[in-house]
file structure_3.cif (mmCIF, C-alpha atoms)
data_structure
#
loop_
_atom_site.group_PDB
_atom_site.id
_atom_site.type_symbol
_atom_site.label_atom_id
_atom_site.label_comp_id
_atom_site.auth_asym_id
_atom_site.auth_seq_id
_atom_site.Cartn_x
_atom_site.Cartn_y
_atom_site.Cartn_z
ATOM 1 C CA MET A 888 -31.458 -3.102 28.818
ATOM 2 C CA THR A 889 -29.918 -2.059 25.497
ATOM 3 C CA PHE A 890 -31.470 0.651 23.348
ATOM 4 C CA PRO A 891 -31.143 0.824 19.573
ATOM 5 C CA ALA A 892 -28.708 3.375 18.193
ATOM 6 C CA SER A 893 -31.471 5.687 17.034
ATOM 7 C CA SER A 894 -32.841 5.842 20.610
ATOM 8 C CA LEU A 895 -29.358 6.411 21.994
ATOM 9 C CA ARG A 896 -28.650 9.157 19.488
ATOM 10 C CA ALA A 897 -32.016 10.689 20.247
ATOM 11 C CA SER A 898 -31.264 10.682 23.977
ATOM 12 C CA LEU A 899 -27.750 12.038 23.479
ATOM 13 C CA LEU A 900 -28.604 14.454 20.682
ATOM 14 C CA PRO A 901 -32.208 15.574 21.237
ATOM 15 C CA GLN A 902 -33.857 16.383 17.944
ATOM 16 C CA SER A 903 -36.698 18.399 19.456
ATOM 17 C CA SER A 904 -34.671 21.425 20.489
ATOM 18 C CA VAL A 905 -33.630 23.832 17.767
ATOM 19 C CA LEU A 906 -31.226 25.477 20.206
ATOM 20 C CA THR A 907 -29.620 22.123 21.064
ATOM 21 C CA ASN A 908 -29.207 21.207 17.404
ATOM 22 C CA ALA A 909 -27.804 24.646 16.563
ATOM 23 C CA THR A 910 -25.316 24.312 19.432
ATOM 24 C CA LEU A 911 -24.260 20.852 18.233
ATOM 25 C CA VAL A 912 -23.829 22.045 14.652
ATOM 26 C CA ALA A 913 -21.808 25.079 15.765
ATOM 27 C CA GLY A 914 -19.687 22.945 18.110
ATOM 28 C CA GLY A 915 -19.096 20.348 15.396
ATOM 29 C CA THR A 916 -18.100 23.075 12.954
ATOM 30 C CA LEU A 917 -15.565 24.446 15.437
ATOM 31 C CA PHE A 918 -14.294 20.892 16.044
ATOM 32 C CA LEU A 919 -13.750 20.375 12.298
ATOM 33 C CA ALA A 920 -12.062 23.773 12.006
ATOM 34 C CA ALA A 921 -9.706 22.922 14.890
ATOM 35 C CA LEU A 922 -8.803 19.547 13.361
ATOM 36 C CA ALA A 923 -8.170 21.226 9.996
ATOM 37 C CA GLN A 924 -5.423 23.284 11.651
ATOM 38 C CA ILE A 925 -3.514 20.088 12.350
ATOM 39 C CA ALA A 926 -2.056 20.323 8.862
ATOM 40 C CA ILE A 927 1.188 18.870 7.540
ATOM 41 C CA PRO A 928 2.206 19.856 4.007
ATOM 42 C CA ILE A 929 3.248 16.990 1.737
ATOM 43 C CA PRO A 930 6.162 17.805 -0.597
ATOM 44 C CA GLY A 931 4.992 17.578 -4.199
ATOM 45 C CA SER A 932 1.299 17.462 -3.271
ATOM 46 C CA PRO A 933 -1.207 20.312 -3.136
ATOM 47 C CA VAL A 934 -3.133 18.404 -0.443
ATOM 48 C CA PRO A 935 -1.933 18.515 3.190
ATOM 49 C CA VAL A 936 -2.455 15.823 5.792
ATOM 50 C CA THR A 937 -5.035 17.137 8.270
ATOM 51 C CA GLY A 938 -7.111 15.952 11.190
ATOM 52 C CA GLN A 939 -10.370 16.703 9.361
ATOM 53 C CA THR A 940 -10.985 13.123 8.303
ATOM 54 C CA LEU A 941 -10.980 12.007 11.948
ATOM 55 C CA GLY A 942 -13.563 14.713 12.632
ATOM 56 C CA VAL A 943 -15.698 13.455 9.770
ATOM 57 C CA LEU A 944 -15.570 9.880 11.086
ATOM 58 C CA LEU A 945 -16.574 10.990 14.573
ATOM 59 C CA ILE A 946 -19.217 13.564 13.637
ATOM 60 C CA GLY A 947 -20.846 11.393 10.974
ATOM 61 C CA THR A 948 -21.264 8.481 13.347
ATOM 62 C CA THR A 949 -22.222 10.374 16.497
ATOM 63 C CA TYR A 950 -24.464 13.040 14.966
ATOM 64 C CA GLY A 951 -26.255 10.861 12.430
ATOM 65 C CA SER A 952 -26.895 11.698 8.801
ATOM 66 C CA GLY A 953 -29.001 14.858 9.057
ATOM 67 C CA LEU A 954 -27.172 16.681 11.830
ATOM 68 C CA GLY A 955 -23.803 15.491 10.505
ATOM 69 C CA LEU A 956 -24.560 16.775 7.013
ATOM 70 C CA ALA A 957 -25.770 20.110 8.417
ATOM 71 C CA THR A 958 -22.557 20.418 10.439
ATOM 72 C CA PHE A 959 -20.248 19.780 7.525
ATOM 73 C CA ALA A 960 -22.309 22.019 5.228
ATOM 74 C CA LEU A 961 -22.000 24.864 7.757
ATOM 75 C CA TYR A 962 -18.255 24.229 7.957
ATOM 76 C CA LEU A 963 -17.958 24.556 4.162
ATOM 77 C CA LEU A 964 -20.188 27.632 4.033
ATOM 78 C CA ALA A 965 -18.205 29.304 6.830
ATOM 79 C CA GLY A 966 -14.968 28.696 4.932
ATOM 80 C CA ILE A 967 -16.408 29.955 1.664
ATOM 81 C CA ALA A 968 -17.733 33.071 3.428
ATOM 82 C CA GLY A 969 -14.277 33.947 4.778
ATOM 83 C CA ALA A 970 -13.934 32.240 8.145
ATOM 84 C CA PRO A 971 -10.394 30.789 8.448
ATOM 85 C CA VAL A 972 -11.605 27.226 9.028
ATOM 86 C CA PHE A 973 -9.780 25.291 6.311
ATOM 87 C CA ALA A 974 -6.245 23.888 6.643
ATOM 88 C CA GLY A 975 -3.658 26.515 7.526
ATOM 89 C CA ALA A 976 -6.423 28.958 8.598
ATOM 90 C CA SER A 977 -7.304 29.397 4.933
ATOM 91 C CA TYR A 978 -10.701 30.203 3.468
ATOM 92 C CA GLY A 979 -12.489 31.010 0.240
ATOM 93 C CA ILE A 980 -14.323 29.352 -2.616
ATOM 94 C CA GLU A 981 -10.987 28.431 -4.243
ATOM 95 C CA LYS A 982 -10.575 25.744 -1.561
ATOM 96 C CA ILE A 983 -13.690 24.070 -2.969
ATOM 97 C CA THR A 984 -12.866 24.685 -6.614
ATOM 98 C CA GLY A 985 -9.118 24.036 -6.191
ATOM 99 C CA ALA A 986 -7.063 20.893 -5.706
ATOM 100 C CA THR A 987 -8.531 20.076 -2.289
ATOM 101 C CA GLY A 988 -12.156 20.558 -3.313
ATOM 102 C CA GLY A 989 -12.853 16.911 -4.024
ATOM 103 C CA TYR A 990 -11.651 15.922 -0.564
ATOM 104 C CA LEU A 991 -13.885 18.529 1.072
ATOM 105 C CA ILE A 992 -16.949 17.449 -0.912
ATOM 106 C CA GLY A 993 -16.039 13.817 -0.225
ATOM 107 C CA MET A 994 -15.943 14.609 3.494
ATOM 108 C CA MET A 995 -19.442 16.052 3.323
ATOM 109 C CA VAL A 996 -20.750 12.967 1.485
ATOM 110 C CA ALA A 997 -18.896 10.669 3.911
ATOM 111 C CA THR A 998 -20.390 12.472 6.913
ATOM 112 C CA PHE A 999 -23.884 11.801 5.568
ATOM 113 C CA LEU A 1000 -23.092 8.196 4.611
ATOM 114 C CA LEU A 1001 -21.496 7.448 7.988
ATOM 115 C CA GLY A 1002 -24.587 8.853 9.681
ATOM 116 C CA ILE A 1003 -26.795 6.484 7.711
ATOM 117 C CA LEU A 1004 -24.585 3.524 8.636
ATOM 118 C CA ALA A 1005 -24.495 4.596 12.283
ATOM 119 C CA ASN A 1006 -28.289 4.751 12.351
ATOM 120 C CA ARG A 1007 -28.091 1.028 11.581
ATOM 121 C CA GLN A 1008 -25.896 0.571 14.691
ATOM 122 C CA LEU A 1009 -22.794 -0.309 12.671
ATOM 123 C CA ASP A 1010 -20.667 1.936 14.894
ATOM 124 C CA GLN A 1011 -21.525 -0.003 18.054
ATOM 125 C CA ARG A 1012 -19.492 -3.189 17.522
ATOM 126 C CA PHE A 1013 -15.801 -3.534 16.729
ATOM 127 C CA LEU A 1014 -16.457 -5.935 13.838
ATOM 128 C CA THR A 1015 -18.697 -3.435 12.045
ATOM 129 C CA ALA A 1016 -17.274 -0.100 13.252
ATOM 130 C CA LEU A 1017 -13.897 -0.505 11.553
ATOM 131 C CA PRO A 1018 -15.392 -1.367 8.118
ATOM 132 C CA THR A 1019 -17.838 1.536 8.545
ATOM 133 C CA MET A 1020 -14.919 3.931 9.092
ATOM 134 C CA LEU A 1021 -13.161 2.419 6.082
ATOM 135 C CA VAL A 1022 -16.239 3.121 3.929
ATOM 136 C CA GLY A 1023 -16.148 6.760 5.059
ATOM 137 C CA THR A 1024 -12.444 7.076 4.291
ATOM 138 C CA ILE A 1025 -12.796 5.428 0.873
ATOM 139 C CA THR A 1026 -15.618 7.853 0.063
ATOM 140 C CA ILE A 1027 -13.444 10.854 0.977
ATOM 141 C CA PHE A 1028 -10.475 9.675 -1.064
ATOM 142 C CA THR A 1029 -12.565 8.616 -4.062
ATOM 143 C CA PHE A 1030 -13.988 12.124 -4.415
ATOM 144 C CA GLY A 1031 -10.612 13.671 -3.599
ATOM 145 C CA LEU A 1032 -8.591 11.644 -6.103
ATOM 146 C CA VAL A 1033 -11.066 12.008 -8.964
ATOM 147 C CA TRP A 1034 -11.162 15.783 -8.489
ATOM 148 C CA LEU A 1035 -7.387 16.082 -7.975
ATOM 149 C CA HIS A 1036 -6.791 14.132 -11.204
ATOM 150 C CA HIS A 1037 -9.255 16.330 -13.096
ATOM 151 C CA PHE A 1038 -8.044 19.598 -11.552
ATOM 152 C CA THR A 1039 -4.312 19.061 -12.077
ATOM 153 C CA GLY A 1040 -4.504 17.203 -15.384
ATOM 154 C CA ASN A 1041 -1.725 14.914 -14.161
ATOM 155 C CA ASP A 1042 -1.787 11.185 -14.828
ATOM 156 C CA TRP A 1043 -3.250 8.680 -12.393
ATOM 157 C CA ASN A 1044 0.170 7.562 -11.178
ATOM 158 C CA TRP A 1045 0.965 11.100 -10.023
ATOM 159 C CA THR A 1046 -2.531 11.499 -8.559
ATOM 160 C CA ILE A 1047 -2.259 8.329 -6.468
ATOM 161 C CA ASN A 1048 1.270 9.191 -5.296
ATOM 162 C CA ALA A 1049 0.368 12.783 -4.400
ATOM 163 C CA GLY A 1050 -3.210 12.336 -3.215
ATOM 164 C CA LEU A 1051 -3.335 8.934 -1.539
ATOM 165 C CA VAL A 1052 -0.004 7.266 -0.729
ATOM 166 C CA PRO A 1053 1.211 9.904 1.795
ATOM 167 C CA PHE A 1054 -2.089 9.640 3.672
ATOM 168 C CA ILE A 1055 -2.426 5.874 4.081
ATOM 169 C CA PHE A 1056 -0.656 5.457 7.439
ATOM 170 C CA GLY A 1057 -2.440 8.424 9.041
ATOM 171 C CA GLU A 1058 -5.822 7.319 7.749
ATOM 172 C CA ILE A 1059 -5.299 3.816 9.129
ATOM 173 C CA LEU A 1060 -4.590 5.369 12.537
ATOM 174 C CA LYS A 1061 -7.712 7.552 12.313
ATOM 175 C CA ILE A 1062 -9.862 4.556 11.352
ATOM 176 C CA ILE A 1063 -8.469 2.617 14.313
ATOM 177 C CA VAL A 1064 -9.063 5.515 16.727
ATOM 178 C CA ALA A 1065 -12.637 6.142 15.575
ATOM 179 C CA GLY A 1066 -13.502 2.490 14.956
ATOM 180 C CA THR A 1067 -12.339 1.311 18.366
ATOM 181 C CA SER A 1068 -13.396 4.272 20.499
ATOM 182 C CA LEU A 1069 -17.020 4.479 19.378
ATOM 183 C CA PRO A 1070 -17.973 0.900 20.350
ATOM 184 C CA VAL A 1071 -16.432 1.545 23.778
ATOM 185 C CA VAL A 1072 -18.398 4.777 24.140
ATOM 186 C CA TRP A 1073 -21.656 3.084 23.084
ATOM 187 C CA ARG A 1074 -21.018 0.193 25.501
ATOM 188 C CA PHE A 1075 -20.577 2.756 28.302
ATOM 189 C CA VAL A 1076 -23.749 4.600 27.250
ATOM 190 C CA ASN A 1077 -25.705 1.330 27.090
ATOM 191 C CA LYS A 1078 -24.627 0.462 30.649
ATOM 192 C CA LYS A 1079 -25.591 3.937 31.892
ATOM 193 C CA SER A 1080 -28.970 3.702 30.120
ATOM 194 C CA SER A 1081 -29.885 0.351 31.646
#
call {"tool": "encode", "arguments": {"input": "structure_3.cif", "output": "structure tokens"}}
result
Amino acid sequence: MTFPASSLRASLLPQSSVLTNATLVAGGTLFLAALAQIAIPIPGSPVPVTGQTLGVLLIGTTYGSGLGLATFALYLLAGIAGAPVFAGASYGIEKITGATGGYLIGMMVATFLLGILANRQLDQRFLTALPTMLVGTITIFTFGLVWLHHFTGNDWNWTINAGLVPFIFGEILKIIVAGTSLPVVWRFVNKKSS
């Protein structure tokens, strides 16, 4: 017997317990903060390569739209308030208003969007999971590039070369990891639930 994604998410992430949801949000926030510390500076770019986008792909699809959005919002608020959760153990409002701000806001939007797509079971099959992860990544980089272009005042050629090109290979790997692992996980959960 196969359950729809919303039933699976409900059984894996019970919505009725405030304590459970708070624990999931706190755990997801710590997960994002840990992945942000996997940071590689890019020469000539104010934006480092981090593991955060993988966290967004995984949290958005496993937590769903509401819990995923709450998790990423808490992550941003913790960083703004002074917790060293951003790349390089940094923090502060200037991370949101600075060169990386568009990427961070894009990650929050992508988390919500991925949750909506996952509620439609698009993360359960290989043929739909990979495009779903691509949509999340495109959302992140669209916000990031538009803001980076505006913030720096550089031309679009510079913006693309500094804010997108160095990230392409890593993002493809993250999409493959998230897009292939989630259908396997859901297949395992479906077998256990039947």
call {"tool": "resolve_selection", "arguments": {"input": "structure_3.cif", "expression": "the PyMOL selection byres ((chain A and resi 980-984) around 9)", "output": "compact mmCIF listing (two decimals) with C-alpha atoms, keeping the file's coordinate frame"}}
result
# COMPACT_ATOMS: atom_id res chain seq x y z
CA LEU A 963 -17.96 24.56 4.16
CA GLY A 966 -14.97 28.70 4.93
CA ILE A 967 -16.41 29.96 1.66
CA ALA A 968 -17.73 33.07 3.43
CA GLY A 969 -14.28 33.95 4.78
CA PHE A 973 -9.78 25.29 6.31
CA SER A 977 -7.30 29.40 4.93
CA TYR A 978 -10.70 30.20 3.47
CA GLY A 979 -12.49 31.01 0.24
CA GLY A 985 -9.12 24.04 -6.19
CA ALA A 986 -7.06 20.89 -5.71
CA THR A 987 -8.53 20.08 -2.29
CA GLY A 988 -12.16 20.56 -3.31
CA GLY A 989 -12.85 16.91 -4.02
CA TYR A 990 -11.65 15.92 -0.56
CA LEU A 991 -13.88 18.53 1.07
CA ILE A 992 -16.95 17.45 -0.91
CA PHE A 1038 -8.04 19.60 -11.55
call {"tool": "atom_distance", "arguments": {"input": "structure_3.cif", "atom1": "CA of Val905 in chain A", "atom2": "CA of Gly938 in chain A"}}
result
28.4 Å
call {"tool": "atom_distance", "arguments": {"input": "structure_3.cif", "atom1": "CA of Gly931 in chain A", "atom2": "CA of Ile1047 in chain A"}}
result
12.0 Å
call {"tool": "closest_residue", "arguments": {"input": "structure_3.cif", "among": "A:Ala1005, A:Val1022, A:Ser1068, A:Ala974", "to": "Ala926 in chain A", "atoms": "all atoms listed in the file"}}
result
A:Ala974
call {"tool": "resolve_selection", "arguments": {"input": "structure_3.cif", "expression": "the PyMOL selection byres ((chain A and resi 952-954) around 10)", "output": "count of residues only"}}
result
30
call {"tool": "decode", "arguments": {"input": "structure_3.cif", "residues": "range 976-990 of chain A", "atoms": "all heavy atoms", "output": "mmCIF file, in the first residue's frame"}}
result
data_model
loop_
_atom_site.group_PDB
_atom_site.id
_atom_site.type_symbol
_atom_site.label_atom_id
_atom_site.label_comp_id
_atom_site.auth_asym_id
_atom_site.auth_seq_id
_atom_site.Cartn_x
_atom_site.Cartn_y
_atom_site.Cartn_z
ATOM 1 N N ALA A 976 31.182 31.174 9.869
ATOM 2 C CA ALA A 976 30.724 31.521 11.223
ATOM 3 C C ALA A 976 30.427 33.009 11.355
ATOM 4 O O ALA A 976 30.622 33.607 12.400
ATOM 5 C CB ALA A 976 31.729 31.055 12.270
ATOM 6 N N SER A 977 29.951 33.605 10.267
ATOM 7 C CA SER A 977 29.614 35.030 10.297
ATOM 8 C C SER A 977 28.159 35.218 10.705
ATOM 9 O O SER A 977 27.382 34.263 10.795
ATOM 10 C CB SER A 977 29.893 35.665 8.929
ATOM 11 O OG SER A 977 29.108 35.047 7.934
ATOM 12 N N TYR A 978 27.795 36.460 10.932
ATOM 13 C CA TYR A 978 26.445 36.796 11.377
ATOM 14 C C TYR A 978 26.194 38.271 11.104
ATOM 15 O O TYR A 978 27.107 39.000 10.714
ATOM 16 C CB TYR A 978 26.275 36.494 12.869
ATOM 17 C CG TYR A 978 27.311 37.173 13.728
ATOM 18 C CD1 TYR A 978 27.118 38.465 14.202
ATOM 19 C CD2 TYR A 978 28.503 36.526 14.057
ATOM 20 C CE1 TYR A 978 28.079 39.092 14.980
ATOM 21 C CE2 TYR A 978 29.465 37.143 14.833
ATOM 22 C CZ TYR A 978 29.237 38.430 15.292
ATOM 23 O OH TYR A 978 30.190 39.054 16.049
ATOM 24 N N GLY A 979 24.970 38.692 11.333
ATOM 25 C CA GLY A 979 24.620 40.101 11.223
ATOM 26 C C GLY A 979 23.719 40.417 10.037
ATOM 27 O O GLY A 979 23.660 39.682 9.060
ATOM 28 N N ILE A 980 23.032 41.531 10.170
ATOM 29 C CA ILE A 980 22.099 41.989 9.138
ATOM 30 C C ILE A 980 22.810 42.281 7.819
ATOM 31 O O ILE A 980 22.227 42.162 6.746
ATOM 32 C CB ILE A 980 21.298 43.230 9.624
ATOM 33 C CG1 ILE A 980 20.168 43.584 8.651
ATOM 34 C CG2 ILE A 980 22.205 44.436 9.819
ATOM 35 C CD1 ILE A 980 19.026 42.629 8.630
ATOM 36 N N GLU A 981 24.109 42.638 7.894
ATOM 37 C CA GLU A 981 24.847 42.951 6.659
ATOM 38 C C GLU A 981 24.968 41.735 5.736
ATOM 39 O O GLU A 981 25.205 41.895 4.546
ATOM 40 C CB GLU A 981 26.219 43.546 6.957
ATOM 41 C CG GLU A 981 27.140 42.673 7.746
ATOM 42 C CD GLU A 981 26.947 42.753 9.264
ATOM 43 O OE1 GLU A 981 26.092 43.534 9.738
ATOM 44 O OE2 GLU A 981 27.627 42.007 9.972
ATOM 45 N N LYS A 982 24.772 40.540 6.252
ATOM 46 C CA LYS A 982 24.771 39.350 5.387
ATOM 47 C C LYS A 982 23.501 39.318 4.535
ATOM 48 O O LYS A 982 23.505 38.780 3.439
ATOM 49 C CB LYS A 982 24.884 38.059 6.211
ATOM 50 C CG LYS A 982 26.225 37.918 6.882
ATOM 51 C CD LYS A 982 27.320 37.817 5.840
ATOM 52 C CE LYS A 982 28.681 37.739 6.471
ATOM 53 N NZ LYS A 982 29.745 37.661 5.486
ATOM 54 N N ILE A 983 22.431 39.908 5.049
ATOM 55 C CA ILE A 983 21.179 39.968 4.291
ATOM 56 C C ILE A 983 21.180 41.178 3.366
ATOM 57 O O ILE A 983 20.676 41.122 2.250
ATOM 58 C CB ILE A 983 19.961 40.058 5.248
ATOM 59 C CG1 ILE A 983 19.994 38.937 6.291
ATOM 60 C CG2 ILE A 983 18.648 40.040 4.463
ATOM 61 C CD1 ILE A 983 19.908 37.545 5.741
ATOM 62 N N THR A 984 21.741 42.266 3.823
ATOM 63 C CA THR A 984 21.748 43.488 3.012
ATOM 64 C C THR A 984 22.980 43.581 2.119
ATOM 65 O O THR A 984 23.048 44.449 1.253
ATOM 66 C CB THR A 984 21.685 44.739 3.915
ATOM 67 O OG1 THR A 984 22.815 44.738 4.789
ATOM 68 C CG2 THR A 984 20.401 44.761 4.729
ATOM 69 N N GLY A 985 23.952 42.692 2.307
ATOM 70 C CA GLY A 985 25.185 42.715 1.517
ATOM 71 C C GLY A 985 25.087 41.860 0.266
ATOM 72 O O GLY A 985 24.004 41.452 -0.167
ATOM 73 N N ALA A 986 26.229 41.542 -0.289
ATOM 74 C CA ALA A 986 26.313 40.841 -1.573
ATOM 75 C C ALA A 986 25.640 39.472 -1.570
ATOM 76 O O ALA A 986 25.127 39.024 -2.589
ATOM 77 C CB ALA A 986 27.780 40.701 -1.981
ATOM 78 N N THR A 987 25.632 38.798 -0.423
ATOM 79 C CA THR A 987 25.049 37.455 -0.372
ATOM 80 C C THR A 987 23.565 37.449 -0.021
ATOM 81 O O THR A 987 22.934 36.394 -0.013
ATOM 82 C CB THR A 987 25.800 36.585 0.656
ATOM 83 O OG1 THR A 987 25.710 37.215 1.945
ATOM 84 C CG2 THR A 987 27.255 36.400 0.274
ATOM 85 N N GLY A 988 23.008 38.610 0.244
ATOM 86 C CA GLY A 988 21.618 38.690 0.688
ATOM 87 C C GLY A 988 20.605 38.089 -0.267
ATOM 88 O O GLY A 988 19.664 37.422 0.156
ATOM 89 N N GLY A 989 20.790 38.297 -1.547
ATOM 90 C CA GLY A 989 19.852 37.747 -2.518
ATOM 91 C C GLY A 989 19.849 36.224 -2.514
ATOM 92 O O GLY A 989 18.798 35.598 -2.667
ATOM 93 N N TYR A 990 21.012 35.633 -2.313
ATOM 94 C CA TYR A 990 21.090 34.172 -2.245
ATOM 95 C C TYR A 990 20.348 33.658 -1.013
ATOM 96 O O TYR A 990 19.627 32.666 -1.084
ATOM 97 C CB TYR A 990 22.544 33.704 -2.210
ATOM 98 C CG TYR A 990 23.296 34.000 -3.486
ATOM 99 C CD1 TYR A 990 24.006 35.187 -3.629
ATOM 100 C CD2 TYR A 990 23.287 33.104 -4.548
ATOM 101 C CE1 TYR A 990 24.686 35.484 -4.799
ATOM 102 C CE2 TYR A 990 23.964 33.385 -5.722
ATOM 103 C CZ TYR A 990 24.664 34.583 -5.844
ATOM 104 O OH TYR A 990 25.333 34.876 -7.009
#
